[in-house]
Structures are given as C-alpha cells and as structure tokens.
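Colleague: This is model.tsv (TSV, C-alpha atoms).
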chain	number	residue	atom	x	y	z
V	1	MET	CA	-18.80	-31.43	8.58
V	2	SER	CA	-18.22	-28.07	7.02
V	3	TYR	CA	-16.66	-25.02	8.57
V	4	THR	CA	-16.40	-21.38	7.68
V	5	LEU	CA	-13.17	-19.41	7.83
V	6	VAL	CA	-13.55	-15.66	8.30
V	7	VAL	CA	-10.42	-13.57	7.93
V	8	ASN	CA	-10.30	-9.79	8.15
V	9	LYS	CA	-7.28	-8.26	6.46
V	10	LEU	CA	-5.47	-4.96	6.87
V	11	LEU	CA	-3.34	-3.36	4.17
V	12	ILE	CA	-0.29	-1.82	5.82
V	13	LYS	CA	1.14	1.23	4.07
V	14	TYR	CA	3.62	2.48	6.69
V	15	ARG	CA	5.97	0.97	9.26
V	16	PHE	CA	8.19	2.83	11.70
V	17	GLN	CA	11.89	2.37	12.52
V	18	GLY	CA	12.33	1.51	16.17
V	19	TYR	CA	8.66	0.54	16.56
V	20	PRO	CA	8.30	-2.88	14.87
V	21	TYR	CA	4.74	-3.49	16.11
V	22	ILE	CA	3.28	-0.11	15.13
V	23	VAL	CA	1.82	0.21	11.63
V	24	ALA	CA	-0.44	2.60	9.75
V	25	ASP	CA	-2.85	2.13	6.89
V	26	GLY	CA	-3.30	4.49	3.94
V	27	LYS	CA	-6.00	6.47	5.75
V	28	GLY	CA	-3.69	7.54	8.59
V	29	VAL	CA	-5.08	5.14	11.19
V	30	PHE	CA	-2.43	3.64	13.48
V	31	TYR	CA	-2.53	0.07	14.81
V	32	GLN	CA	-0.50	-2.05	17.21
V	33	LEU	CA	0.15	-5.58	15.94
V	34	PRO	CA	-0.07	-8.53	18.37
V	35	TYR	CA	3.14	-9.63	20.07
V	36	VAL	CA	4.44	-11.09	23.34
V	37	VAL	CA	6.75	-9.19	25.68
V	38	ASN	CA	7.85	-10.27	29.17
V	39	LYS	CA	5.21	-13.03	29.34
V	40	TYR	CA	2.41	-10.56	28.55
V	41	SER	CA	0.52	-10.82	25.29
V	42	ARG	CA	-0.40	-7.62	23.48
V	43	SER	CA	-3.42	-7.91	21.23
V	44	PHE	CA	-4.20	-6.23	17.93
V	45	ARG	CA	-5.67	-2.80	18.59
V	46	LYS	CA	-6.31	0.56	17.05
V	47	LEU	CA	-4.31	3.40	18.63
V	48	ASN	CA	-6.13	6.53	19.73
V	49	LEU	CA	-4.72	9.99	18.97
V	50	ILE	CA	-4.16	11.98	22.17
V	51	LEU	CA	-3.05	15.51	23.01
V	52	ASN	CA	-0.05	15.97	25.30
V	53	ASN	CA	-0.29	19.24	27.28
V	54	GLY	CA	-3.20	20.23	25.03
V	55	ILE	CA	-0.81	21.04	22.16
V	56	THR	CA	1.17	18.08	20.81
V	57	GLU	CA	-0.66	15.28	19.00
V	58	GLY	CA	0.65	11.76	19.35
V	59	TYR	CA	0.11	8.23	20.60
V	60	CYS	CA	0.77	6.42	23.86
V	61	ILE	CA	2.94	3.43	22.90
V	62	ASN	CA	4.02	1.11	25.73
V	63	ARG	CA	3.16	3.81	28.30
V	64	LYS	CA	5.36	6.35	26.54
V	65	PHE	CA	4.08	9.36	24.59
V	66	ILE	CA	5.37	9.48	21.00
V	67	SER	CA	4.48	12.59	18.98
V	68	LEU	CA	2.98	12.33	15.53
V	69	ASN	CA	5.85	14.39	14.07
V	70	GLN	CA	8.41	11.99	15.55
V	71	LEU	CA	6.58	9.02	14.00
V	72	ARG	CA	6.47	10.77	10.62
V	73	LYS	CA	10.26	11.21	10.69
V	74	VAL	CA	10.91	7.48	11.17
V	75	ALA	CA	8.19	6.19	8.82
V	76	TYR	CA	8.92	4.15	5.72
V	77	VAL	CA	6.55	2.91	3.02
V	78	THR	CA	5.65	-0.76	2.73
V	79	ASN	CA	2.90	-2.81	1.13
V	80	GLU	CA	1.91	-5.70	3.37
V	81	VAL	CA	-1.31	-7.47	4.20
V	82	VAL	CA	-1.86	-8.88	7.69
V	83	ALA	CA	-4.78	-10.82	9.14
V	84	THR	CA	-6.45	-8.91	11.96
V	85	LYS	CA	-8.97	-11.54	13.00
V	86	ILE	CA	-9.33	-15.23	12.29
V	87	ASP	CA	-12.64	-16.78	13.20
V	88	LEU	CA	-13.25	-20.49	12.75
V	89	THR	CA	-16.86	-21.53	13.10
V	90	ASN	CA	-17.40	-25.29	13.40
V	91	PRO	CA	-13.70	-26.22	13.41
V	92	PRO	CA	-12.85	-29.57	11.76
V	93	PHE	CA	-11.61	-31.25	14.96
Can the structure in the file be given as structure tokens, please?
Modeller:
Amino acid sequence: MSYTLVVNKLLIKYRFQGYPYIVADGKGVFYQLPYVVNKYSRSFRKLNLILNNGITEGYCINRKFISLNQLRKVAYVTNEVVATKIDLTNPPF
C-alpha cells in the first residue's frame, strides 16, 4: 500500500510577547496556532481585522480586543516554519 502525505507550511516572521499562540507572516496576516486551554482545543485559524468603535484597528484574541498598535509594540522577529495542515490519504495502518 502507498499513501500520500500532504503538508501545508507557514513561514512565521513575527511572534508577540505575552501572546504565545499568535503569529504573523511576512505579509501582515495574523494567525492563531492550535493549543489546548481548560479542556477546550483551539484550532489553527486566520484572525480577522476588526474595528473597535469604528476607529481602532485590532484583533479579538480570546474574547479580548487587542489593538494593532499594541501588538506592534510587543512584536519580535523570528524565522520559523510550522505545519498548518497534515493530511494522510490511505494511512499505512
């Protein structure tokens, strides 16, 4: 039997102090990495930019609004590659 392994990868350019599961790529797109908190699993997802009071741009992270300027202040540069999706078709077992 043969199987195919499909892996999508994401190059992470920025991480944020105080937000270990929030990352950004070089194009300015923000993502939440998968993790488990209080028995609830959070999946990999792309974060959507929202306006707070029609003025301040930011993201809703764990039900809390974090402004884009606040994230920029705590950002640091990194070069990591993470797998976003692993798909096994015809697994060997």
Colleague: Find the residues near Lys13 (chain V): any atom within 8 Å, counting only C-alpha atoms, skip ones fewer than 4 places away on the same chain, and give them as a list of chain:residue names.
Modeller: V:Val23, V:Ala24, V:Asp25, V:Gly26, V:Val77, V:Thr78, V:Asn79, V:Glu80
Colleague: Considering only C-alpha atoms, state which residue in the set V:Val37, V:Ile50, V:Val74, V:Ile61 is at the smallest distance from Gln17 (chain V).
Modeller: V:Val74
Colleague: Report, in Å to a single decimal, how far apart CA of Arg63 (chain V) and CA of Leu11 (chain V) are.
Modeller: 26.0 Å
Colleague: Just to confirm, what's the straight-line distance from CA of Asn8 (chain V) to CA of Phe44 (chain V) in Å (one decimal)?
Modeller: 12.1 Å
Colleague: Find the residue from V:Arg15, V:Arg45, V:Arg72, V:Lys9 that sits nearest to Leu33 (chain V); use all atoms listed in the file when measuring.
Modeller: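 Of V:Arg15, V:Arg45, V:Arg72, V:Lys9, the one nearest Leu33 (chain V) is V:Arg45, counting all atoms listed in the file.
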Colleague: Compare V:Val36, V:Val29, V:Leu47, V:Val81 by their minimum atom-to-atom distance to Phe65 (chain V), counting all atoms listed in the file, and give me the closest one.
Modeller: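 Closest candidate: V:Leu47.
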